[in-house]
>>> print(open('model.tsv').read())   # TSV, C-alpha atoms
chain	number	residue	atom	x	y	z
A	12	MET	CA	65.02	-40.09	-110.03
A	13	ASN	CA	61.77	-40.09	-108.06
A	14	SER	CA	60.50	-40.85	-104.57
A	15	VAL	CA	63.91	-40.00	-103.13
A	16	SER	CA	63.69	-38.17	-99.83
A	17	PHE	CA	66.14	-38.68	-97.00
A	18	GLU	CA	68.33	-36.84	-94.52
A	19	ILE	CA	72.03	-37.53	-94.08
A	20	PRO	CA	72.83	-38.15	-90.39
A	21	LYS	CA	75.50	-35.72	-89.24
A	22	GLY	CA	78.79	-37.08	-87.92
A	23	LYS	CA	78.05	-40.61	-89.17
A	24	VAL	CA	78.96	-42.91	-92.07
A	25	THR	CA	76.06	-43.49	-94.45
A	26	SER	CA	76.36	-45.95	-97.35
A	27	LEU	CA	74.21	-45.87	-100.48
A	28	ILE	CA	73.73	-49.41	-101.80
A	29	GLY	CA	71.65	-51.14	-104.45
A	30	PRO	CA	71.88	-52.90	-107.82
A	31	ASN	CA	73.63	-51.37	-110.82
A	32	GLY	CA	71.61	-48.53	-112.29
A	33	ALA	CA	69.57	-48.05	-109.10
A	34	GLY	CA	70.50	-44.36	-108.88
A	35	LYS	CA	73.15	-44.30	-106.15
A	36	SER	CA	75.81	-42.36	-108.05
A	37	THR	CA	73.18	-40.10	-109.58
A	38	VAL	CA	71.99	-39.06	-106.13
A	39	MET	CA	75.59	-38.54	-105.03
A	40	GLY	CA	76.22	-36.36	-108.08
A	41	MET	CA	73.14	-34.27	-107.33
A	42	ILE	CA	74.13	-33.77	-103.69
A	43	SER	CA	77.55	-32.52	-104.81
A	44	ARG	CA	76.12	-30.47	-107.73
A	45	LEU	CA	78.11	-32.46	-110.29
A	46	ILE	CA	74.74	-33.46	-111.78
A	47	ALA	CA	71.91	-30.99	-112.20
A	48	ARG	CA	68.66	-32.02	-110.54
A	49	ASP	CA	65.54	-31.89	-112.68
A	50	SER	CA	63.11	-31.49	-109.78
A	51	GLY	CA	62.88	-31.40	-106.00
A	52	ILE	CA	65.01	-29.63	-103.42
A	53	ILE	CA	68.42	-30.45	-101.95
A	54	THR	CA	69.04	-28.52	-98.74
A	55	PHE	CA	72.52	-28.12	-97.32
A	56	GLU	CA	72.91	-26.38	-93.96
A	57	ASP	CA	69.37	-24.98	-94.18
A	58	GLN	CA	69.91	-23.49	-97.63
A	59	ASP	CA	69.07	-24.70	-101.13
A	60	ILE	CA	72.31	-26.18	-102.39
A	61	SER	CA	71.97	-24.36	-105.72
A	62	ALA	CA	72.23	-21.06	-103.86
A	63	TRP	CA	75.70	-21.82	-102.51
A	64	LYS	CA	78.69	-20.17	-104.13
A	65	SER	CA	81.04	-22.87	-105.42
A	66	LYS	CA	84.01	-21.64	-103.38
A	67	GLU	CA	82.04	-21.62	-100.13
A	68	LEU	CA	80.47	-25.01	-100.82
A	69	ALA	CA	83.93	-26.47	-101.49
A	70	LYS	CA	84.96	-25.43	-97.97
A	71	ARG	CA	82.14	-27.53	-96.51
A	72	LEU	CA	81.67	-30.45	-98.88
A	73	ALA	CA	84.23	-32.57	-100.74
A	74	ILE	CA	83.58	-35.33	-103.25
A	75	LEU	CA	85.79	-38.06	-104.64
A	76	THR	CA	84.29	-39.60	-107.77
A	77	GLN	CA	84.97	-42.97	-109.40
A	78	THR	CA	86.94	-41.38	-112.25
A	79	ASN	CA	90.03	-39.66	-110.88
A	80	ASN	CA	92.37	-40.02	-113.84
A	81	ILE	CA	94.33	-36.78	-113.75
A	82	GLN	CA	96.39	-36.47	-116.93
A	83	MET	CA	98.91	-34.01	-115.51
A	84	LYS	CA	102.27	-35.26	-114.24
A	85	LEU	CA	101.76	-34.65	-110.53
A	86	THR	CA	103.52	-35.74	-107.40
A	87	VAL	CA	101.56	-36.96	-104.40
A	88	ARG	CA	102.17	-33.68	-102.59
A	89	GLU	CA	101.07	-31.62	-105.58
A	90	LEU	CA	97.84	-33.62	-105.77
A	91	VAL	CA	97.14	-33.17	-102.06
A	92	THR	CA	97.84	-29.44	-102.43
A	93	PHE	CA	94.77	-29.17	-104.69
A	94	GLY	CA	92.69	-29.69	-101.56
A	95	ARG	CA	93.65	-26.21	-100.37
A	96	PHE	CA	92.53	-24.46	-103.57
A	97	PRO	CA	89.15	-23.27	-102.19
A	98	TYR	CA	91.04	-21.40	-99.48
A	99	SER	CA	94.24	-20.18	-101.14
A	100	ALA	CA	93.50	-20.32	-104.90
A	101	GLY	CA	97.00	-21.67	-105.49
A	102	HIS	CA	98.84	-19.21	-103.23
A	103	ASN	CA	99.43	-21.40	-100.21
A	104	THR	CA	100.18	-19.88	-96.85
A	105	GLU	CA	102.23	-21.42	-94.07
A	106	GLU	CA	98.97	-22.67	-92.56
A	107	ASP	CA	98.01	-24.32	-95.86
A	108	GLU	CA	101.35	-26.14	-95.99
A	109	LYS	CA	100.87	-27.30	-92.41
A	110	ILE	CA	97.45	-28.77	-93.27
A	111	ILE	CA	98.94	-30.49	-96.33
A	112	ASP	CA	101.67	-31.99	-94.14
A	113	GLN	CA	99.05	-33.22	-91.69
A	114	ALA	CA	96.99	-34.83	-94.45
A	115	LEU	CA	100.05	-36.61	-95.84
A	116	ALA	CA	100.98	-37.83	-92.37
A	117	TYR	CA	97.45	-39.00	-91.61
A	118	MET	CA	97.44	-41.15	-94.74
A	119	GLU	CA	101.05	-42.27	-94.16
A	120	LEU	CA	102.26	-40.79	-97.43
A	121	GLU	CA	105.24	-38.72	-96.29
A	122	ALA	CA	107.77	-41.21	-97.64
A	123	ILE	CA	106.28	-41.13	-101.15
A	124	GLN	CA	105.06	-37.54	-101.32
A	125	ASP	CA	107.56	-36.71	-104.09
A	126	GLN	CA	106.65	-39.70	-106.25
A	127	PHE	CA	104.42	-39.22	-109.27
A	128	ILE	CA	100.79	-40.35	-109.04
A	129	ASP	CA	101.00	-42.49	-112.18
A	130	GLU	CA	103.86	-44.49	-110.61
A	131	LEU	CA	101.83	-45.57	-107.58
A	132	SER	CA	99.87	-48.73	-106.90
A	133	GLY	CA	96.08	-48.54	-106.87
A	134	GLY	CA	95.98	-48.52	-103.08
A	135	GLN	CA	98.59	-45.78	-102.79
A	136	ARG	CA	96.80	-43.69	-105.38
A	137	GLN	CA	93.49	-43.97	-103.54
A	138	ARG	CA	95.19	-42.92	-100.30
A	139	ALA	CA	96.62	-39.89	-102.06
A	140	TYR	CA	93.17	-38.84	-103.26
A	141	ILE	CA	91.77	-39.29	-99.74
A	142	ALA	CA	94.64	-37.13	-98.43
A	143	MET	CA	93.58	-34.43	-100.90
A	144	VAL	CA	90.04	-34.63	-99.50
A	145	ILE	CA	91.39	-34.39	-95.94
A	146	ALA	CA	93.43	-31.32	-96.92
A	147	GLN	CA	90.23	-29.74	-98.23
A	148	ASP	CA	89.10	-29.84	-94.60
A	149	THR	CA	85.34	-30.12	-95.12
A	150	GLU	CA	82.83	-31.46	-92.64
A	151	TYR	CA	81.06	-33.50	-95.33
A	152	VAL	CA	82.93	-36.07	-97.44
A	153	LEU	CA	81.28	-37.86	-100.37
A	154	LEU	CA	83.04	-40.93	-101.76
A	155	ASP	CA	81.73	-42.67	-104.87
A	156	GLU	CA	82.99	-46.28	-104.91
A	157	PRO	CA	86.21	-45.65	-102.93
A	158	THR	CA	87.08	-49.38	-103.07
A	159	ASN	CA	86.67	-49.58	-106.84
A	160	SER	CA	89.54	-51.50	-108.54
A	161	LEU	CA	91.20	-52.30	-105.20
A	162	ASP	CA	92.05	-55.82	-104.07
A	163	ILE	CA	90.58	-57.15	-100.81
A	164	TYR	CA	93.55	-56.02	-98.71
A	165	HIS	CA	93.56	-52.43	-99.97
A	166	ALA	CA	89.76	-52.22	-100.05
A	167	SER	CA	89.60	-53.24	-96.39
A	168	LYS	CA	92.26	-50.68	-95.50
A	169	MET	CA	90.32	-48.03	-97.41
A	170	MET	CA	87.15	-48.77	-95.44
A	171	LYS	CA	89.07	-48.54	-92.17
A	172	ILE	CA	90.28	-45.11	-93.30
A	173	VAL	CA	86.69	-44.11	-94.04
A	174	ARG	CA	85.72	-45.13	-90.51
A	175	ARG	CA	88.59	-43.09	-89.09
A	176	LEU	CA	87.51	-40.01	-91.04
A	177	CYS	CA	84.29	-40.15	-89.07
A	178	ASP	CA	85.50	-41.36	-85.67
A	179	GLU	CA	88.79	-39.44	-85.42
A	180	LEU	CA	88.26	-36.37	-87.61
A	181	GLY	CA	84.53	-35.89	-87.01
A	182	LYS	CA	83.55	-36.01	-90.70
A	183	THR	CA	80.10	-36.82	-92.03
A	184	VAL	CA	80.82	-39.44	-94.70
A	185	VAL	CA	78.51	-40.59	-97.49
A	186	LEU	CA	79.60	-43.56	-99.61
A	187	VAL	CA	78.37	-45.30	-102.71
A	188	LEU	CA	79.25	-48.98	-102.33
A	189	HIS	CA	78.58	-52.17	-104.28
A	190	GLU	CA	80.11	-54.43	-101.64
A	191	ILE	CA	77.29	-54.62	-99.12
A	192	ASN	CA	79.36	-56.36	-96.44
A	193	TYR	CA	81.72	-53.38	-96.36
A	194	ALA	CA	78.65	-51.18	-96.00
A	195	ALA	CA	77.38	-53.35	-93.16
A	196	PHE	CA	80.67	-53.53	-91.28
A	197	TYR	CA	81.83	-49.93	-91.55
A	198	SER	CA	78.67	-47.83	-91.78
A	199	ASP	CA	76.27	-46.41	-89.23
A	200	TYR	CA	73.37	-46.04	-91.67
A	201	ILE	CA	72.44	-47.60	-95.00
A	202	CYS	CA	70.21	-46.18	-97.72
A	203	ALA	CA	69.22	-48.80	-100.30
A	204	PHE	CA	68.07	-47.82	-103.80
A	205	VAL	CA	66.05	-49.83	-106.31
A	206	ASN	CA	64.97	-48.47	-109.72
A	207	GLY	CA	65.66	-44.86	-108.80
A	208	LYS	CA	63.73	-45.01	-105.53
A	209	ILE	CA	64.70	-45.50	-101.91
A	210	ALA	CA	63.75	-49.03	-100.93
A	211	LYS	CA	65.06	-48.98	-97.35
A	212	MET	CA	66.74	-46.42	-95.10
A	213	GLY	CA	67.89	-46.96	-91.54
A	214	THR	CA	70.60	-48.29	-89.29
A	215	VAL	CA	72.75	-51.19	-90.46
A	216	GLU	CA	70.75	-53.58	-88.29
A	217	GLU	CA	67.44	-52.30	-89.67
A	218	VAL	CA	68.41	-52.58	-93.34
A	219	MET	CA	70.69	-55.63	-93.34
A	220	THR	CA	68.05	-58.32	-92.98
A	221	LYS	CA	67.47	-61.41	-95.07
A	222	GLU	CA	64.08	-60.12	-96.21
A	223	ASN	CA	65.28	-56.62	-97.13
A	224	LEU	CA	68.37	-57.71	-99.06
A	225	SER	CA	66.49	-60.45	-100.93
A	226	GLU	CA	63.92	-57.85	-102.00
A	227	ILE	CA	66.52	-55.22	-102.97
A	228	TYR	CA	68.81	-57.51	-104.98
A	229	ASN	CA	66.28	-60.13	-106.09
A	230	VAL	CA	68.46	-63.01	-104.92
A	231	ASP	CA	68.30	-65.21	-101.82
A	232	PHE	CA	70.31	-64.07	-98.81
A	233	GLU	CA	71.33	-65.48	-95.48
A	234	ILE	CA	72.59	-63.30	-92.62
A	235	MET	CA	75.17	-64.17	-89.98
A	236	GLU	CA	77.01	-61.99	-87.49
A	237	ILE	CA	80.73	-61.23	-87.12
A	238	GLU	CA	81.84	-59.02	-84.23
A	239	GLY	CA	78.21	-58.03	-83.71
A	240	ARG	CA	77.76	-56.87	-87.30
A	241	PRO	CA	75.48	-58.53	-89.90
A	242	LEU	CA	77.30	-60.32	-92.71
A	243	SER	CA	75.38	-61.33	-95.82
A	244	ILE	CA	75.77	-64.44	-97.94
A	245	TYR	CA	73.81	-64.67	-101.20
A	246	TYR	CA	73.16	-67.67	-103.43
>>> encode(input="model.tsv", output="C-alpha coordinates")
Amino acid sequence: MNSVSFEIPKGKVTSLIGPNGAGKSTVMGMISRLIARDSGIITFEDQDISAWKSKELAKRLAILTQTNNIQMKLTVRELVTFGRFPYSAGHNTEEDEKIIDQALAYMELEAIQDQFIDELSGGQRQRAYIAMVIAQDTEYVLLDEPTNSLDIYHASKMMKIVRRLCDELGKTVVLVLHEINYAAFYSDYICAFVNGKIAKMGTVEEVMTKENLSEIYNVDFEIMEIEGRPLSIYY
(Lines of atoms letter the chains of each structure in order from A and count residues from 1; the text may use other names and numbers.)
(Lines give C-alpha, C1' and ligand atoms only; values in the text may rest on other atoms or scores of the structure.)
Protein backbone atom coordinates (compact mmCIF):
# COMPACT_ATOMS: atom_id res chain seq x y z
CA MET A 1 0.00 0.00 0.00
CA ASN A 2 1.16 3.55 -0.69
CA SER A 3 -0.25 7.07 -0.88
CA VAL A 4 -3.00 6.11 1.56
CA SER A 5 -3.80 8.88 4.01
CA PHE A 6 -7.30 9.59 5.27
CA GLU A 7 -9.31 10.23 8.41
CA ILE A 8 -12.43 8.28 9.33
CA PRO A 9 -15.30 10.67 10.11
CA LYS A 10 -16.64 9.98 13.59
CA GLY A 11 -20.27 8.96 14.00
CA LYS A 12 -20.73 8.37 10.26
CA VAL A 13 -20.83 5.49 7.77
CA THR A 14 -17.80 5.38 5.50
CA SER A 15 -17.56 2.88 2.64
CA LEU A 16 -14.32 1.74 1.03
CA ILE A 17 -14.92 0.93 -2.64
CA GLY A 18 -12.83 0.10 -5.69
CA PRO A 19 -11.97 -2.73 -8.09
CA ASN A 20 -10.80 -6.15 -6.90
CA GLY A 21 -7.26 -6.00 -5.57
CA ALA A 22 -7.39 -2.23 -5.04
CA GLY A 23 -6.42 -2.55 -1.38
CA LYS A 24 -9.72 -2.04 0.44
CA SER A 25 -9.60 -5.14 2.64
CA THR A 26 -5.88 -4.68 3.22
CA VAL A 27 -6.47 -1.21 4.63
CA MET A 28 -9.32 -2.55 6.77
CA GLY A 29 -7.04 -5.30 8.08
CA MET A 30 -4.35 -2.77 8.97
CA ILE A 31 -6.81 -0.51 10.80
CA SER A 32 -7.96 -3.48 12.88
CA ARG A 33 -4.40 -4.85 13.34
CA LEU A 34 -5.29 -8.13 11.64
CA ILE A 35 -2.62 -7.25 9.06
CA ALA A 36 0.72 -5.78 10.05
CA ARG A 37 1.56 -2.49 8.36
CA ASP A 38 4.96 -2.25 6.70
CA SER A 39 5.21 1.53 6.93
CA GLY A 40 3.33 4.65 7.97
CA ILE A 41 1.27 5.40 11.05
CA ILE A 42 -2.27 4.44 12.03
CA THR A 43 -3.56 6.62 14.86
CA PHE A 44 -6.55 5.60 16.93
CA GLU A 45 -7.86 8.04 19.54
CA ASP A 46 -4.64 10.08 19.38
CA GLN A 47 -2.41 7.06 19.94
CA ASP A 48 -0.47 4.80 17.58
CA ILE A 49 -2.71 1.78 17.16
CA SER A 50 0.22 -0.60 17.71
CA ALA A 51 0.57 0.77 21.24
CA TRP A 52 -2.93 -0.32 22.27
CA LYS A 53 -3.32 -3.41 24.41
CA SER A 54 -5.50 -5.92 22.57
CA LYS A 55 -8.09 -6.13 25.33
CA GLU A 56 -8.51 -2.36 25.51
CA LEU A 57 -8.65 -1.99 21.72
CA ALA A 58 -11.35 -4.69 21.57
CA LYS A 59 -13.52 -2.53 23.85
CA ARG A 60 -13.36 0.32 21.33
CA LEU A 61 -13.10 -1.31 17.92
CA ALA A 62 -14.83 -4.39 16.51
CA ILE A 63 -14.30 -6.02 13.13
CA LEU A 64 -16.34 -8.53 11.17
CA THR A 65 -14.30 -10.10 8.37
CA GLN A 66 -15.45 -11.86 5.21
CA THR A 67 -14.50 -15.29 6.58
CA ASN A 68 -16.57 -16.08 9.65
CA ASN A 69 -16.72 -19.86 9.40
CA ILE A 70 -16.60 -20.94 13.03
CA GLN A 71 -16.12 -24.70 13.21
CA MET A 72 -17.49 -25.09 16.73
CA LYS A 73 -21.09 -26.19 17.25
CA LEU A 74 -22.50 -22.94 18.63
CA THR A 75 -25.96 -21.59 19.19
CA VAL A 76 -26.82 -18.04 18.20
CA ARG A 77 -26.71 -16.93 21.83
CA GLU A 78 -23.33 -18.57 22.40
CA LEU A 79 -21.94 -16.76 19.36
CA VAL A 80 -23.29 -13.40 20.51
CA THR A 81 -21.81 -14.06 23.97
CA PHE A 82 -18.33 -13.94 22.42
CA GLY A 83 -18.86 -10.20 22.04
CA ARG A 84 -18.54 -9.79 25.80
CA PHE A 85 -15.18 -11.59 26.04
CA PRO A 86 -13.06 -8.39 26.18
CA TYR A 87 -14.99 -7.39 29.30
CA SER A 88 -15.69 -10.65 31.14
CA ALA A 89 -13.18 -13.16 29.69
CA GLY A 90 -15.90 -15.80 29.67
CA HIS A 91 -17.26 -15.10 33.16
CA ASN A 92 -20.36 -13.14 32.29
CA THR A 93 -22.02 -10.93 34.84
CA GLU A 94 -25.69 -10.04 35.03
CA GLU A 95 -24.86 -6.85 33.10
CA ASP A 96 -23.16 -8.89 30.37
CA GLU A 97 -26.24 -11.09 30.00
CA LYS A 98 -28.43 -8.00 29.78
CA ILE A 99 -26.29 -6.60 26.95
CA ILE A 100 -26.43 -9.96 25.15
CA ASP A 101 -30.23 -9.94 25.47
CA GLN A 102 -30.35 -6.42 24.06
CA ALA A 103 -28.16 -7.36 21.10
CA LEU A 104 -30.34 -10.37 20.31
CA ALA A 105 -33.47 -8.24 20.55
CA TYR A 106 -32.01 -5.48 18.38
CA MET A 107 -31.29 -7.98 15.61
CA GLU A 108 -34.62 -9.77 16.16
CA LEU A 109 -32.95 -13.06 17.02
CA GLU A 110 -34.67 -13.96 20.30
CA ALA A 111 -36.83 -16.63 18.68
CA ILE A 112 -33.83 -18.47 17.21
CA GLN A 113 -31.21 -17.79 19.88
CA ASP A 114 -31.02 -21.49 20.79
CA GLN A 115 -30.60 -22.68 17.21
CA PHE A 116 -27.17 -23.69 15.95
CA ILE A 117 -25.33 -21.29 13.64
CA ASP A 118 -24.75 -23.93 10.96
CA GLU A 119 -28.52 -24.49 10.71
CA LEU A 120 -29.30 -20.87 9.83
CA SER A 121 -29.81 -19.19 6.48
CA GLY A 122 -27.12 -16.83 5.22
CA GLY A 123 -29.14 -13.78 6.25
CA GLN A 124 -29.81 -15.12 9.74
CA ARG A 125 -26.16 -16.01 10.19
CA GLN A 126 -25.03 -12.53 9.19
CA ARG A 127 -27.50 -11.00 11.66
CA ALA A 128 -26.08 -13.21 14.39
CA TYR A 129 -22.56 -12.01 13.67
CA ILE A 130 -23.74 -8.39 13.71
CA ALA A 131 -25.43 -9.08 17.08
CA MET A 132 -22.06 -10.32 18.37
CA VAL A 133 -20.49 -7.04 17.24
CA ILE A 134 -23.27 -5.07 18.95
CA ALA A 135 -22.70 -7.03 22.16
CA GLN A 136 -19.03 -6.07 21.98
CA ASP A 137 -20.30 -2.51 22.47
CA THR A 138 -17.55 -0.61 20.64
CA GLU A 139 -17.82 2.86 19.19
CA TYR A 140 -16.07 1.80 15.98
CA VAL A 141 -17.40 -1.06 13.84
CA LEU A 142 -15.49 -2.38 10.82
CA LEU A 143 -17.37 -4.62 8.39
CA ASP A 144 -15.57 -6.29 5.49
CA GLU A 145 -18.12 -7.17 2.77
CA PRO A 146 -21.13 -7.59 5.11
CA THR A 147 -23.41 -8.30 2.11
CA ASN A 148 -21.14 -11.02 0.73
CA SER A 149 -23.08 -14.17 -0.34
CA LEU A 150 -26.45 -12.57 0.51
CA ASP A 151 -29.30 -12.28 -1.96
CA ILE A 152 -30.72 -8.83 -2.80
CA TYR A 153 -33.39 -8.98 -0.09
CA HIS A 154 -31.02 -9.91 2.73
CA ALA A 155 -28.26 -7.63 1.45
CA SER A 156 -30.65 -4.67 1.50
CA LYS A 157 -31.76 -5.56 5.02
CA MET A 158 -28.13 -5.82 6.10
CA MET A 159 -27.38 -2.33 4.78
CA LYS A 160 -30.40 -0.93 6.62
CA ILE A 161 -29.00 -2.51 9.79
CA VAL A 162 -25.64 -0.85 9.11
CA ARG A 163 -27.40 2.51 8.82
CA ARG A 164 -29.21 1.89 12.10
CA LEU A 165 -25.93 1.08 13.87
CA CYS A 166 -24.87 4.62 13.06
CA ASP A 167 -28.15 6.52 13.40
CA GLU A 168 -29.65 4.72 16.41
CA LEU A 169 -26.64 3.39 18.31
CA GLY A 170 -24.17 6.16 17.49
CA LYS A 171 -21.52 3.86 15.98
CA THR A 172 -18.79 4.93 13.59
CA VAL A 173 -19.04 2.33 10.82
CA VAL A 174 -16.45 1.54 8.16
CA LEU A 175 -17.42 -0.86 5.35
CA VAL A 176 -15.69 -2.58 2.50
CA LEU A 177 -18.23 -2.88 -0.32
CA HIS A 178 -18.19 -4.07 -3.92
CA GLU A 179 -21.76 -2.97 -4.61
CA ILE A 180 -21.30 0.75 -5.15
CA ASN A 181 -25.02 1.54 -5.15
CA TYR A 182 -25.29 0.21 -1.60
CA ALA A 183 -22.34 2.43 -0.73
CA ALA A 184 -24.05 5.41 -2.34
CA PHE A 185 -27.44 4.86 -0.74
CA TYR A 186 -26.40 3.99 2.82
CA SER A 187 -23.11 5.80 3.40
CA ASP A 188 -22.19 9.32 4.44
CA TYR A 189 -18.68 9.19 3.00
CA ILE A 190 -16.93 7.11 0.35
CA CYS A 191 -13.23 6.37 0.00
CA ALA A 192 -12.35 4.90 -3.40
CA PHE A 193 -9.17 2.88 -3.95
CA VAL A 194 -7.33 2.11 -7.18
CA ASN A 195 -4.07 0.12 -7.33
CA GLY A 196 -3.36 0.48 -3.63
CA LYS A 197 -3.90 4.24 -3.59
CA ILE A 198 -6.80 6.49 -2.65
CA ALA A 199 -8.34 7.78 -5.86
CA LYS A 200 -11.20 9.79 -4.32
CA MET A 201 -12.39 10.57 -0.80
CA GLY A 202 -15.40 12.66 0.14
CA THR A 203 -19.14 12.73 0.62
CA VAL A 204 -21.33 10.43 -1.45
CA GLU A 205 -22.27 13.32 -3.72
CA GLU A 206 -18.63 14.30 -4.23
CA VAL A 207 -17.41 10.81 -5.12
CA MET A 208 -20.41 9.34 -6.94
CA THR A 209 -20.05 11.20 -10.23
CA LYS A 210 -19.94 9.86 -13.75
CA GLU A 211 -16.38 11.08 -14.21
CA ASN A 212 -15.05 9.68 -10.93
CA LEU A 213 -16.63 6.24 -11.25
CA SER A 214 -15.60 5.87 -14.90
CA GLU A 215 -12.01 6.66 -13.88
CA ILE A 216 -12.03 4.35 -10.84
CA TYR A 217 -13.57 1.31 -12.54
CA ASN A 218 -12.45 1.94 -16.12
CA VAL A 219 -15.95 1.46 -17.51
CA ASP A 220 -18.58 3.96 -18.65
CA PHE A 221 -21.09 5.11 -16.05
CA GLU A 222 -24.29 7.08 -15.99
CA ILE A 223 -25.72 8.59 -12.79
CA MET A 224 -29.36 9.06 -11.86
CA GLU A 225 -30.99 9.93 -8.54
CA ILE A 226 -33.39 7.95 -6.36
CA GLU A 227 -34.71 9.58 -3.18
CA GLY A 228 -32.04 12.24 -3.54
CA ARG A 229 -29.20 9.71 -3.68
CA PRO A 230 -26.97 9.05 -6.73
CA LEU A 231 -27.51 5.68 -8.40
CA SER A 232 -24.95 4.39 -10.88
CA ILE A 233 -25.51 2.43 -14.06
CA TYR A 234 -22.47 1.07 -15.92
CA TYR A 235 -22.21 -0.35 -19.42
>>> closest_residue(input="model.tsv", among="A:Glu67, A:Asn223, A:Lys171, A:Glu108", to="Thr149 (chain A)", atoms="all atoms listed in the file")
A:Glu67
>>> residues_around(input="model.tsv", residues="Thr158 (chain A)", least_positions_apart="6", cutoff="10 Å", atoms="only C-alpha atoms", output="ChimeraX atom specification")
/A:77,133-134,137,165-170,187-190,193
>>> residues_around(input="model.tsv", residues="Leu176 (chain A)", least_positions_apart="6", cutoff="12 Å", atoms="all atoms listed in the file", output="ChimeraX atom specification")
/A:22-24,114,117-118,141-142,144-145,148-154,169-170,182-185,197-198
>>> closest_residue(input="model.tsv", among="A:Gly32, A:Met212, A:Glu89, A:Gly181", to="Gly101 (chain A)", atoms="all atoms listed in the file")
A:Glu89
>>> atom_distance(input="model.tsv", atom1="CA of Leu85 (chain A)", atom2="CA of Leu68 (chain A)")
25.3 Å
>>> atom_distance(input="model.tsv", atom1="CA of Ser61 (chain A)", atom2="CA of Arg44 (chain A)")
7.7 Å
>>> residues_around(input="model.tsv", residues="Met83 (chain A)", least_positions_apart="3", cutoff="10 Å", atoms="only C-alpha atoms", output="mmCIF file with C-alpha atoms, in the frame of the given file")
data_model
loop_
_atom_site.group_PDB
_atom_site.id
_atom_site.type_symbol
_atom_site.label_atom_id
_atom_site.label_comp_id
_atom_site.auth_asym_id
_atom_site.auth_seq_id
_atom_site.Cartn_x
_atom_site.Cartn_y
_atom_site.Cartn_z
ATOM 1 C CA ASN A 80 92.370 -40.020 -113.840
ATOM 2 C CA THR A 86 103.520 -35.740 -107.400
ATOM 3 C CA LEU A 90 97.840 -33.620 -105.770
ATOM 4 C CA PHE A 127 104.420 -39.220 -109.270
ATOM 5 C CA ILE A 128 100.790 -40.350 -109.040
ATOM 6 C CA ASP A 129 101.000 -42.490 -112.180
#
>>> closest_residue(input="model.tsv", among="A:Ile42, A:Ile28, A:Ile74, A:Ile19", to="Ala194 (chain A)", atoms="only C-alpha atoms")
A:Ile28
>>> residues_near_point(input="model.tsv", point="(78.3, -22.4, -92.2)", cutoff="10 Å", atoms="only C-alpha atoms", output="list in words")
Phe55, Glu56, Asp57, Glu67, Leu68, Lys70 and Arg71 of chain A
>>> axis_aligned_box(input="model.tsv", around="region 215-234 of chain A", padding_each_side="3 Å", output="JSON")
{"center_x": 68.3, "center_y": -58.3, "center_z": -97.2, "size_x": 14.8, "size_y": 20.3, "size_z": 23.8}
>>> residues_near_point(input="model.tsv", point="(78.0, -28.8, -109.7)", cutoff="12 Å", atoms="all atoms listed in the file", output="tab-separated table (two decimals) with C-alpha atoms, in the frame of the given file")
chain	number	residue	atom	x	y	z
A	39	MET	CA	75.59	-38.54	-105.03
A	40	GLY	CA	76.22	-36.36	-108.08
A	41	MET	CA	73.14	-34.27	-107.33
A	42	ILE	CA	74.13	-33.77	-103.69
A	43	SER	CA	77.55	-32.52	-104.81
A	44	ARG	CA	76.12	-30.47	-107.73
A	45	LEU	CA	78.11	-32.46	-110.29
A	46	ILE	CA	74.74	-33.46	-111.78
A	47	ALA	CA	71.91	-30.99	-112.20
A	48	ARG	CA	68.66	-32.02	-110.54
A	60	ILE	CA	72.31	-26.18	-102.39
A	61	SER	CA	71.97	-24.36	-105.72
A	62	ALA	CA	72.23	-21.06	-103.86
A	63	TRP	CA	75.70	-21.82	-102.51
A	64	LYS	CA	78.69	-20.17	-104.13
A	65	SER	CA	81.04	-22.87	-105.42
A	66	LYS	CA	84.01	-21.64	-103.38
A	68	LEU	CA	80.47	-25.01	-100.82
A	69	ALA	CA	83.93	-26.47	-101.49
A	72	LEU	CA	81.67	-30.45	-98.88
A	73	ALA	CA	84.23	-32.57	-100.74
A	74	ILE	CA	83.58	-35.33	-103.25
